[in-house]
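Asks: Structure: structure-v5.txt, compact mmCIF, C-alpha atoms.
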# COMPACT_ATOMS: atom_id res chain seq x y z
CA MET T 27 -119.93 12.67 -64.16
CA LEU T 28 -116.67 11.73 -65.76
CA ALA T 29 -115.61 8.13 -65.51
CA LEU T 30 -112.02 8.20 -64.33
CA VAL T 31 -109.45 5.49 -63.92
CA ALA T 32 -106.59 5.69 -61.46
CA ILE T 33 -103.73 3.44 -62.54
CA ALA T 34 -102.17 3.62 -59.09
CA VAL T 35 -103.91 4.35 -55.82
CA MET T 36 -101.36 3.99 -53.04
CA PRO T 37 -99.04 6.92 -52.28
CA VAL T 38 -95.32 6.25 -52.31
CA MET T 39 -92.86 7.57 -49.75
CA ALA T 40 -90.38 9.72 -51.68
CA GLN T 41 -86.69 9.05 -51.20
CA LYS T 42 -85.49 12.05 -49.22
CA SER T 43 -81.95 11.64 -50.53
CA ILE T 44 -83.07 12.57 -54.05
CA PRO T 45 -83.28 16.35 -54.55
CA LEU T 46 -86.58 18.10 -55.29
CA VAL T 47 -84.78 20.88 -57.17
CA TYR T 48 -81.25 22.01 -58.06
CA ASP T 49 -79.34 25.28 -57.90
CA GLN T 50 -77.95 24.83 -61.44
CA GLU T 51 -79.64 25.32 -64.79
CA PHE T 52 -78.08 22.17 -66.29
CA THR T 53 -76.28 19.78 -63.96
CA GLY T 54 -75.16 17.62 -66.88
CA ALA T 55 -73.48 20.40 -68.84
CA GLY T 56 -70.09 18.69 -68.49
CA TYR T 57 -71.11 15.51 -70.29
CA PRO T 58 -70.29 15.26 -74.00
CA ALA T 59 -73.08 14.97 -76.52
CA PRO T 60 -73.73 11.49 -77.91
CA GLN T 61 -73.37 10.68 -81.59
CA PHE T 62 -76.36 11.85 -83.62
CA PRO T 63 -77.40 9.34 -86.29
CA THR T 64 -78.96 10.69 -89.49
CA VAL T 65 -82.35 9.51 -90.70
CA GLU T 66 -80.63 6.91 -92.84
CA GLU T 67 -78.40 5.71 -89.98
CA ALA T 68 -81.05 5.63 -87.25
CA VAL T 69 -82.49 2.34 -86.01
CA VAL T 70 -86.24 1.83 -86.40
CA SER T 71 -88.18 1.50 -83.14
CA GLU T 72 -91.92 1.04 -83.50
CA THR T 73 -92.33 1.34 -79.73
CA LEU T 74 -91.27 4.20 -77.49
CA THR T 75 -87.53 4.33 -76.92
CA ASN T 76 -86.16 3.12 -73.60
CA PRO T 77 -85.26 6.12 -71.39
CA PHE T 78 -83.04 3.90 -69.24
CA GLU T 79 -80.81 2.90 -72.16
CA PHE T 80 -77.80 5.08 -72.92
CA SER T 81 -77.69 6.50 -76.45
CA ASN T 82 -76.33 4.29 -79.23
CA SER T 83 -75.84 1.32 -76.91
CA ASN T 84 -77.60 -1.45 -75.02
CA VAL T 85 -76.18 -0.32 -71.68
CA GLN T 86 -78.82 0.64 -69.13
CA LEU T 87 -78.54 2.86 -66.09
CA LYS T 88 -79.12 1.12 -62.80
CA GLU T 89 -78.83 3.83 -60.16
CA PHE T 90 -80.03 7.40 -59.72
CA LYS T 91 -76.45 8.68 -59.88
CA ASP T 92 -76.39 7.61 -63.54
CA TRP T 93 -79.48 9.64 -64.40
CA GLU T 94 -77.52 12.90 -64.68
CA ARG T 95 -75.47 11.49 -67.55
CA ARG T 96 -78.45 9.86 -69.27
CA ARG T 97 -80.50 13.02 -68.85
CA ALA T 98 -77.72 15.04 -70.50
CA GLU T 99 -77.86 12.74 -73.54
CA ILE T 100 -81.59 13.35 -73.94
CA VAL T 101 -81.10 17.12 -73.61
CA HIS T 102 -78.49 17.06 -76.37
CA GLU T 103 -80.70 14.91 -78.62
CA LEU T 104 -83.77 17.11 -78.25
CA GLN T 105 -81.76 20.23 -78.97
CA HIS T 106 -79.94 18.65 -81.92
CA TYR T 107 -82.98 17.20 -83.65
CA GLU T 108 -85.88 19.44 -82.64
CA VAL T 109 -85.35 22.90 -81.18
CA GLY T 110 -81.70 23.87 -81.46
CA GLU T 111 -79.10 24.74 -78.86
CA LYS T 112 -80.18 26.51 -75.71
CA PRO T 113 -77.00 28.48 -74.92
CA MET T 114 -75.79 28.91 -71.36
CA VAL T 115 -75.08 32.45 -70.18
CA ASP T 116 -72.40 33.53 -67.71
CA LYS T 117 -73.79 35.73 -64.94
CA LYS T 118 -71.09 38.31 -65.65
CA ASP T 119 -72.89 38.97 -68.96
CA ILE T 120 -76.21 39.71 -67.27
CA GLU T 121 -77.50 42.84 -65.55
CA ALA T 122 -80.58 42.63 -63.36
CA LYS T 123 -82.55 45.09 -61.27
CA LEU T 124 -85.89 45.16 -59.47
CA GLU T 125 -87.81 48.43 -59.39
CA ASP T 126 -91.48 48.87 -58.42
CA SER T 127 -91.90 45.07 -58.46
CA THR T 128 -90.69 44.87 -62.06
CA LEU T 129 -87.69 42.68 -62.83
CA THR T 130 -85.47 43.86 -65.68
CA VAL T 131 -82.86 41.48 -67.08
CA ILE T 132 -80.35 42.63 -69.70
CA VAL T 133 -78.20 40.02 -71.46
CA HIS T 134 -75.01 41.17 -73.22
CA ARG T 135 -73.25 39.35 -76.05
CA ASN T 136 -71.02 40.56 -78.88
CA ASP T 137 -71.94 44.23 -78.38
CA GLU T 138 -75.64 43.34 -78.56
CA THR T 139 -78.18 43.35 -75.75
CA LEU T 140 -81.53 41.69 -75.12
CA THR T 141 -83.86 42.99 -72.42
CA ILE T 142 -86.56 41.00 -70.64
CA THR T 143 -88.93 42.69 -68.19
CA SER T 144 -91.61 41.14 -66.02
CA LYS T 145 -93.73 42.49 -63.18
CA ILE T 146 -93.91 40.33 -60.06
CA SER T 147 -97.26 40.20 -58.25
CA TYR T 148 -96.53 39.72 -54.57
CA PRO T 149 -98.86 38.58 -51.81
CA GLU T 150 -98.94 40.55 -48.57
CA GLY T 151 -96.02 39.97 -46.23
CA ASP T 152 -92.25 40.06 -46.25
CA GLY T 153 -91.51 36.78 -47.98
CA PRO T 154 -89.58 35.02 -49.26
CA PHE T 155 -92.46 33.70 -51.38
CA PRO T 156 -92.73 30.73 -53.72
CA LEU T 157 -93.13 31.86 -57.34
CA MET T 158 -95.20 30.66 -60.28
CA ILE T 159 -94.03 31.87 -63.70
CA GLY T 160 -96.71 31.89 -66.39
CA THR T 161 -95.30 31.27 -69.88
CA SER T 162 -97.12 33.83 -72.01
CA HIS T 163 -100.08 33.53 -69.63
CA ASN T 164 -101.06 31.65 -66.49
CA SER T 165 -104.49 30.18 -67.21
CA LEU T 166 -104.79 28.43 -63.84
CA PRO T 167 -107.26 30.00 -61.37
CA ARG T 168 -105.67 33.02 -59.70
CA HIS T 169 -106.95 32.08 -56.26
CA PHE T 170 -104.72 28.99 -56.30
CA PHE T 171 -101.84 31.41 -55.76
CA SER T 172 -103.32 34.43 -54.00
CA GLU T 173 -104.85 32.30 -51.24
CA ARG T 174 -101.56 30.51 -50.70
CA LYS T 175 -99.29 33.58 -50.64
CA ILE T 176 -97.49 32.54 -53.82
CA ALA T 177 -95.99 35.28 -56.00
CA THR T 178 -96.68 35.22 -59.74
CA MET T 179 -95.07 36.71 -62.82
CA ARG T 180 -95.43 36.40 -66.58
CA PHE T 181 -92.76 35.59 -69.14
CA SER T 182 -93.68 37.61 -72.26
CA GLU T 183 -92.12 35.46 -74.95
CA GLY T 184 -92.31 38.17 -77.62
CA GLN T 185 -89.36 39.88 -75.95
CA VAL T 186 -87.23 36.95 -77.14
CA ASN T 187 -89.02 35.63 -80.22
CA SER T 188 -92.44 36.15 -81.77
CA TYR T 189 -95.29 33.62 -81.64
CA SER T 190 -94.70 33.24 -85.37
CA GLN T 191 -91.13 33.77 -86.53
CA LEU T 192 -91.98 32.76 -90.12
CA GLY T 193 -93.29 35.96 -91.64
CA GLY T 194 -94.59 37.05 -88.26
CA PHE T 195 -94.89 40.65 -87.19
CA GLY T 196 -92.28 42.45 -85.13
CA GLY T 197 -92.29 45.93 -83.67
CA GLY T 198 -94.24 48.55 -85.60
CA GLY T 199 -96.09 45.92 -87.62
CA LYS T 200 -93.04 45.07 -89.70
CA LYS T 201 -92.88 41.49 -90.88
CA LYS T 202 -89.92 39.47 -89.66
CA ASP T 203 -88.67 36.07 -90.68
CA ARG T 204 -86.62 33.41 -88.93
CA GLY T 205 -83.33 34.92 -87.83
CA GLU T 206 -84.59 38.49 -87.41
CA TYR T 207 -85.81 38.45 -83.81
CA GLU T 208 -84.29 39.61 -80.53
CA PHE T 209 -82.63 36.29 -79.68
CA ASP T 210 -81.11 36.18 -83.17
CA ARG T 211 -79.22 39.44 -82.62
CA LEU T 212 -77.37 37.80 -79.74
CA TYR T 213 -76.94 34.42 -81.41
CA PRO T 214 -76.86 34.85 -85.21
CA GLU T 215 -75.14 31.47 -85.49
CA LEU T 216 -78.30 29.83 -84.11
CA VAL T 217 -80.57 31.08 -86.90
CA ASP T 218 -81.99 27.57 -87.36
CA ASN T 219 -83.21 27.35 -83.77
CA GLY T 220 -86.86 26.70 -83.10
CA ALA T 221 -88.78 29.06 -80.84
CA TYR T 222 -89.04 26.59 -77.96
CA SER T 223 -85.32 26.60 -77.22
CA MET T 224 -85.33 30.41 -77.39
CA TRP T 225 -88.33 30.74 -75.11
CA ALA T 226 -86.88 28.27 -72.61
CA TRP T 227 -83.68 30.35 -72.74
CA GLY T 228 -85.72 33.44 -71.85
CA VAL T 229 -87.34 31.77 -68.84
CA SER T 230 -83.89 30.79 -67.60
CA ARG T 231 -82.70 34.36 -67.90
CA ILE T 232 -85.58 35.48 -65.66
CA ILE T 233 -84.39 32.98 -63.06
CA ASP T 234 -80.82 34.28 -63.50
CA GLY T 235 -82.13 37.78 -62.85
CA LEU T 236 -83.84 36.71 -59.65
CA GLU T 237 -80.61 35.08 -58.47
CA ILE T 238 -78.63 38.25 -59.23
CA VAL T 239 -81.13 40.47 -57.41
CA GLY T 240 -80.92 38.11 -54.44
CA ALA T 241 -82.92 38.61 -51.24
CA ALA T 242 -84.38 41.85 -52.60
CA SER T 243 -86.53 39.79 -54.95
CA LYS T 244 -88.38 38.28 -51.95
CA ILE T 245 -88.57 35.03 -53.92
CA ASP T 246 -87.86 31.58 -52.47
CA MET T 247 -85.49 30.26 -55.12
CA GLN T 248 -86.03 26.66 -54.05
CA HIS T 249 -89.75 26.85 -54.88
CA ILE T 250 -90.17 28.19 -58.40
CA GLY T 251 -92.83 26.80 -60.71
CA VAL T 252 -93.67 27.30 -64.38
CA THR T 253 -97.01 26.80 -66.12
CA GLY T 254 -98.74 27.55 -69.41
CA CYS T 255 -101.51 26.24 -71.67
CA SER T 256 -101.69 25.11 -75.29
CA TYR T 257 -98.62 26.42 -77.18
CA ALA T 258 -97.57 27.98 -73.86
CA GLY T 259 -98.10 24.57 -72.24
CA LYS T 260 -95.36 23.33 -74.55
CA MET T 261 -93.31 26.36 -73.55
CA ALA T 262 -93.71 25.52 -69.87
CA LEU T 263 -92.76 21.88 -70.49
CA TRP T 264 -89.61 22.74 -72.50
CA SER T 265 -88.65 25.37 -69.91
CA GLY T 266 -89.04 22.95 -67.00
CA ALA T 267 -87.18 20.24 -68.91
CA PHE T 268 -84.20 22.48 -69.67
CA ASP T 269 -83.81 24.30 -66.34
CA GLU T 270 -83.29 22.27 -63.19
CA ARG T 271 -83.87 25.27 -60.94
CA ILE T 272 -87.60 24.92 -61.63
CA ALA T 273 -89.16 22.84 -58.88
CA LEU T 274 -92.64 22.36 -60.38
CA THR T 275 -93.82 22.24 -64.00
CA ILE T 276 -97.55 22.24 -64.79
CA ALA T 277 -98.04 21.75 -68.54
CA GLN T 278 -101.70 22.40 -69.38
CA GLU T 279 -103.04 20.93 -72.65
CA PRO T 280 -99.64 21.09 -74.40
CA GLY T 281 -100.57 18.91 -77.41
CA GLY T 282 -98.13 17.68 -80.04
CA GLY T 283 -94.61 18.97 -79.57
CA GLY T 284 -95.33 18.93 -75.86
CA ALA T 285 -96.14 15.83 -73.83
CA ALA T 286 -97.58 13.78 -76.71
CA ALA T 287 -95.31 11.09 -78.13
CA TRP T 288 -94.64 11.63 -81.83
CA ARG T 289 -94.78 7.91 -82.59
CA VAL T 290 -98.23 7.50 -81.08
CA SER T 291 -99.56 10.68 -82.68
CA GLU T 292 -98.54 9.34 -86.08
CA THR T 293 -101.11 6.53 -85.67
CA LEU T 294 -103.98 8.89 -84.79
CA GLY T 295 -106.31 11.11 -86.82
CA LYS T 296 -106.27 14.89 -87.21
CA VAL T 297 -103.77 15.64 -84.48
CA GLU T 298 -100.63 17.74 -84.13
CA LYS T 299 -98.11 15.32 -85.60
CA LEU T 300 -94.41 15.92 -86.17
CA GLY T 301 -95.08 16.83 -89.80
CA ALA T 302 -98.17 18.89 -88.95
CA THR T 303 -97.17 21.44 -86.35
CA ASP T 304 -95.96 25.05 -86.54
CA GLU T 305 -92.61 24.94 -88.27
CA HIS T 306 -91.16 28.04 -86.63
CA TRP T 307 -91.43 26.43 -83.21
CA PHE T 308 -88.88 23.78 -84.23
CA LYS T 309 -85.76 23.41 -86.38
CA LYS T 310 -86.43 23.08 -90.09
CA SER T 311 -84.44 19.86 -90.14
CA MET T 312 -86.93 18.20 -87.77
CA TRP T 313 -89.24 17.64 -90.73
CA GLU T 314 -86.80 15.06 -92.10
CA TRP T 315 -88.23 12.77 -89.42
CA LYS T 316 -91.91 13.12 -90.33
CA ASP T 317 -94.32 10.43 -91.54
CA GLU T 318 -92.68 6.99 -91.78
CA ASN T 319 -89.40 8.34 -90.38
CA VAL T 320 -90.91 9.10 -86.98
CA SER T 321 -90.12 5.54 -85.89
CA ARG T 322 -86.44 6.27 -86.52
CA LEU T 323 -86.21 9.06 -83.93
CA PRO T 324 -83.57 8.13 -81.32
CA TYR T 325 -85.95 9.39 -78.58
CA ASP T 326 -89.56 10.52 -78.15
CA HIS T 327 -91.45 13.01 -76.02
CA HIS T 328 -91.90 10.76 -73.02
CA GLU T 329 -88.20 11.51 -72.61
CA LEU T 330 -88.83 15.25 -72.87
CA CYS T 331 -91.22 14.82 -69.92
CA ALA T 332 -88.71 12.61 -68.12
CA LEU T 333 -86.06 15.35 -68.22
CA ILE T 334 -87.96 16.96 -65.35
CA CYS T 335 -87.23 13.98 -63.08
CA PRO T 336 -86.48 14.07 -60.15
CA ARG T 337 -88.35 17.38 -59.96
CA ALA T 338 -92.15 17.60 -60.09
CA LEU T 339 -94.31 17.46 -63.22
CA LEU T 340 -98.08 17.56 -63.69
CA VAL T 341 -99.52 17.21 -67.22
CA LEU T 342 -103.12 18.28 -67.83
CA GLY T 343 -105.07 17.20 -70.91
CA ASN T 344 -108.45 17.80 -72.55
CA THR T 345 -109.98 15.01 -74.63
CA ASP T 346 -112.59 17.30 -76.22
CA TYR T 347 -109.97 18.62 -78.65
CA GLU T 348 -108.70 15.99 -81.08
CA TRP T 349 -105.81 18.20 -82.22
CA LEU T 350 -104.19 17.91 -78.76
CA ALA T 351 -103.46 14.20 -79.37
CA ASP T 352 -104.21 13.30 -75.77
CA GLU T 353 -104.07 9.56 -76.46
CA ALA T 354 -100.43 10.13 -77.38
CA ALA T 355 -99.98 12.27 -74.26
CA TYR T 356 -101.52 9.52 -72.12
CA VAL T 357 -99.07 6.92 -73.45
CA SER T 358 -96.19 9.36 -73.09
CA CYS T 359 -97.06 10.23 -69.49
CA VAL T 360 -97.33 6.58 -68.45
CA ALA T 361 -93.97 5.92 -70.10
CA ALA T 362 -92.29 8.97 -68.58
CA ARG T 363 -93.58 8.17 -65.10
CA GLU T 364 -91.57 4.96 -65.22
CA VAL T 365 -88.44 7.08 -64.73
CA TRP T 366 -89.71 8.59 -61.47
CA LYS T 367 -90.95 5.14 -60.50
CA ARG T 368 -87.52 3.59 -61.06
CA PHE T 369 -86.10 5.93 -58.40
CA GLY T 370 -88.98 5.49 -55.93
CA ILE T 371 -90.34 9.01 -56.40
CA GLU T 372 -93.40 8.42 -58.61
CA ASP T 373 -95.42 10.77 -56.42
CA ARG T 374 -93.55 13.63 -58.09
CA MET T 375 -95.10 13.01 -61.53
CA GLY T 376 -98.79 12.96 -62.39
CA PHE T 377 -101.26 13.47 -65.20
CA SER T 378 -104.96 14.29 -65.45
CA ILE T 379 -106.64 14.06 -68.85
CA GLN T 380 -110.33 15.00 -68.83
CA GLY T 381 -112.85 16.37 -71.29
CA LYS T 382 -116.09 18.35 -71.00
CA HIS T 383 -114.47 21.74 -70.54
CA GLY T 384 -113.16 24.57 -72.70
CA HIS T 385 -109.62 24.78 -73.97
CA CYS T 386 -107.36 26.25 -71.27
CA GLN T 387 -110.30 26.47 -68.88
CA LEU T 388 -109.44 24.24 -65.94
CA PRO T 389 -112.58 22.43 -64.73
CA GLU T 390 -113.30 22.14 -61.03
CA SER T 391 -112.86 18.37 -61.34
CA GLN T 392 -109.14 18.99 -61.89
CA TYR T 393 -108.74 21.46 -59.04
CA PRO T 394 -107.74 18.88 -56.39
CA GLU T 395 -104.78 17.45 -58.31
CA VAL T 396 -103.46 20.86 -59.35
CA GLU T 397 -103.79 22.21 -55.82
CA ALA T 398 -102.07 19.11 -54.43
CA PHE T 399 -99.04 19.63 -56.67
CA ILE T 400 -98.87 23.31 -55.76
CA ASP T 401 -99.18 22.52 -52.04
CA ARG T 402 -96.57 19.80 -52.15
CA PHE T 403 -93.94 21.28 -54.41
CA LEU T 404 -94.26 25.04 -53.94
CA LEU T 405 -95.33 25.09 -50.29
CA GLY T 406 -93.62 21.93 -49.04
CA LYS T 407 -96.77 20.29 -47.64
CA GLU T 408 -95.68 16.67 -47.61
CA GLU T 409 -99.15 15.40 -46.69
CA ALA T 410 -100.58 16.49 -50.08
CA ASN T 411 -101.53 13.43 -52.16
CA THR T 412 -99.81 13.78 -55.52
CA ILE T 413 -100.52 10.28 -56.80
CA VAL T 414 -102.44 11.54 -59.84
CA GLN T 415 -103.02 9.30 -62.88
CA PHE T 416 -106.46 10.11 -64.20
CA VAL T 417 -107.92 9.66 -67.69
CA ASP T 418 -111.55 9.99 -68.69
CA GLU T 419 -113.71 7.31 -70.29
CA THR T 420 -112.54 8.14 -73.83
CA LEU T 421 -109.05 6.81 -73.05
CA GLN T 422 -109.71 3.97 -70.64
CA ASP T 423 -109.65 1.24 -73.27
CA LYS T 424 -106.70 2.56 -75.24
CA GLU T 425 -103.67 0.33 -75.60
CA VAL T 426 -100.69 1.62 -73.68
CA GLN T 427 -98.50 -1.29 -72.71
CA LYS T 428 -97.73 -2.23 -76.33
CA TRP T 429 -95.87 1.07 -76.67
CA ILE T 430 -93.64 0.53 -73.65
CA PRO T 431 -92.47 -3.10 -73.54
CA TRP T 432 -89.53 -2.07 -71.34
CA ALA T 433 -91.83 -0.71 -68.58
CA THR T 434 -92.86 -2.38 -65.33
CA VAL T 435 -96.43 -1.02 -65.32
CA ASP T 436 -99.14 -3.69 -65.19
CA PHE T 437 -102.52 -2.93 -66.79
CA LYS T 438 -104.15 -6.31 -66.10
Written as structure tokens, how would this file's structure read?

Replies:
Amino acid sequence: MLALVAIAVMPVMAQKSIPLVYDQEFTGAGYPAPQFPTVEEAVVSETLTNPFEFSNSNVQLKEFKDWERRRAEIVHELQHYEVGEKPMVDKKDIEAKLEDSTLTVIVHRNDETLTITSKISYPEGDGPFPLMIGTSHNSLPRHFFSERKIATMRFSEGQVNSYSQLGGFGGGGKKKDRGEYEFDRLYPELVDNGAYSMWAWGVSRIIDGLEIVGAASKIDMQHIGVTGCSYAGKMALWSGAFDERIALTIAQEPGGGGAAAWRVSETLGKVEKLGATDEHWFKKSMWEWKDENVSRLPYDHHELCALICPRALLVLGNTDYEWLADEAAYVSCVAAREVWKRFGIEDRMGFSIQGKHGHCQLPESQYPEVEAFIDRFLLGKEEANTIVQFVDETLQDKEVQKWIPWATVDFK
């Protein structure tokens, strides 16, 4: 039996005036990017940066209406320093059709095209149905969706960029390097992009395609979720962070570069640190911030998680695998949850970090929290208890509060 600790036990009544999802990919697109300090210019912060503090200032947001602007700053910072620009696409440059349950999306730019296809698995009935998009794969139990009449589909990331864009293989077994993949044909000026901005871009184009197809898709556009595990857990997290049309993000065992805070990971053992992760997933320039320079980052990955606020996020961890850096994910999740908490909607963000199970093999002990988030945020069942803050015995005595001196959480 796992020893679990629940940091909070009482459910919170969500503020109904705060949206659960948006009809825009990026509501803060109109805000200018902040200044981006270099490694030499950046201020050292040994603790996690304050998500409530506007970039390059001591001014803090006080109301939810200010979150859109602050959120936009974090988006710009993550794209500038880590993964590269995720370009917006005008619908007039997209074709979409649905034939035999297969969605085809064709994006046009500069006389080039990129095609994404994905088969939708529908439950019986006329719909519209909630939808769960699996990034690369959906490793959650299939019956979670089939029994609830939730449609599913898979985003095959290789249609945009390979798993390994550094000497990885393309079509016909031919090796390709950074800048030679499908996304790069459309955006040659973004050759330095990391794969996670490209993959998130691809997920957004699927959602564009569903919007273009309209009612014929039989999808409830207000109840779209995204999930993935391991490197695809990162993909799900980045996709949910960068597209506000996604109502629910379930990031399963995402490791470093996902939910785990870089600063905390740097203090741990053999984990996926900023200087020890797959380079093609990120911009080359990100490595300037490795080792002792991690503390100079103007942000950290608790803020990547927080980008999903006010929408729903569930992070799942697995303490049996040291590489996943789940102590850093634990700290990051507690820190990120403070953003939802500030706006009285902490029941929209949860985490469950447990060991004694295989990688990407959800144990039955985690079924209740996953099912609660699906019921609440894809099916609209308000009675589902989504106050989920579980860690197993390996993390119970870890120091958290020292990393977030700006937080209101009390661990006494």

Asks: Do you have the atom CA of Ser144 of chain T-atom CA of Lys202 of chain T distance handy?

Replies: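 Calculated distance between atom CA of Ser144 of chain T and atom CA of Lys202 of chain T is 23.8 Å.
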
Asks: If we count all atoms listed in the file, what is near segment 60-62 of chain T at a cut-off of 8 Å, once residues fewer than 4 positions away on the same chain are taken out, given as a PyMOL selection string?

Replies: chain T and resi 81-82+99+102-103+106

Asks: If I take atom CA of Tyr325 of chain T and atom CA of Val229 of chain T, how far is one from the other in Å, to one decimal?

Replies: 24.4 Å

Asks: Find the distance between atom CA of Ser172 of chain T and atom CA of Leu339 of chain T and write it in Å to one decimal.

Replies: 21.3 Å

Asks: Kindly indicate which residue among T:Gly301, T:Pro324, T:Gly54, T:Gly235 lies nearest to Ser83 of chain T, using only C-alpha atoms for the distances.

Replies: T:Pro324

Asks: Give the answer as one residue: which of T:Trp349, T:Phe399, T:Phe369, T:Phe80 has the shortest atom-to-atom distance to Ser256 of chain T, using all atoms listed in the file?

Replies: T:Trp349

Asks: Out of T:Val133, T:Leu212, T:Ala285, T:Leu166, which residue has the shortest atom-to-atom distance to Ile232 of chain T when counting only C-alpha atoms?

Replies: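 Using only C-alpha atoms, the shortest distance to Ile232 of chain T belongs to T:Val133.
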
Asks: Find the spatial neighbours of segment 63-71 of chain T, counting all atoms listed in the file, within a cut-off of 8 Å - ignore same-chain residues fewer than 2 positions away - and output them as a list in words.

Replies: Gln61, Thr73, Leu74, Thr75, Glu314, Trp315, Asn319, Ser321, Arg322, Leu323 and Pro324 of chain T

Asks: Using all atoms listed in the file, which residues sit within 10 Å of segment 404-406 of chain T once same-chain residues fewer than 6 positions away are excluded, as number ranges by chain?

Replies: T: 155-158, 174-176, 246, 248-251, 273-274, 338, 398

Asks: Could you check the closest approach to Glu183 of chain T for each of T:Ala262, T:Val109, T:Leu129, T:Met114 and tell me which residue wins, using only C-alpha atoms?

Replies: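 Of all the options, T:Ala262 lies closest to Glu183 of chain T.
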
Asks: If you count all atoms listed in the file, which residues fall within 12 Å of Gln387 of chain T, apart from same-chain ones fewer than 6 positions away, as JSON, numbers by chain?

Replies: {"T": [164, 165, 166, 167, 254, 255, 256, 278, 279, 342, 343, 344, 346, 380, 381, 393]}

Asks: Give me, as a ChimeraX atom specification, all polymer residues having an atom no more than 12 Å from Ala354 of chain T, counting all atoms listed in the file and skipping those fewer than 3 positions away in the same chain.

Replies: /T:74,280-295,297-299,326-328,343,345,348-351,357-361,379,421,424-426,429

Asks: Hey, can I get the axis-aligned box for segment 132-146 of chain T? All listed atoms, 4 Å padding on each side, centre and edge lengths in Å to one decimal, as JSON.

Replies:
{"center_x": -82.5, "center_y": 41.8, "center_z": -69.5, "size_x": 30.9, "size_y": 12.9, "size_z": 26.8}

Asks: What would segment 168-179 of chain T look like if you wrote it out as a tab-separated table (two decimals), in the first residue's frame, with C-alpha atoms included, from the block I just posted?

Replies:
chain	number	residue	atom	x	y	z
T	168	ARG	CA	-9.12	2.96	-23.36
T	169	HIS	CA	-12.21	2.22	-21.30
T	170	PHE	CA	-11.91	5.64	-19.65
T	171	PHE	CA	-13.13	7.04	-22.96
T	172	SER	CA	-15.19	4.28	-24.57
T	173	GLU	CA	-17.39	3.88	-21.49
T	174	ARG	CA	-17.98	7.63	-21.34
T	175	LYS	CA	-18.76	8.18	-25.04
T	176	ILE	CA	-15.66	10.32	-25.57
T	177	ALA	CA	-14.12	10.39	-29.05
T	178	THR	CA	-10.37	9.87	-29.39
T	179	MET	CA	-7.75	10.64	-32.01
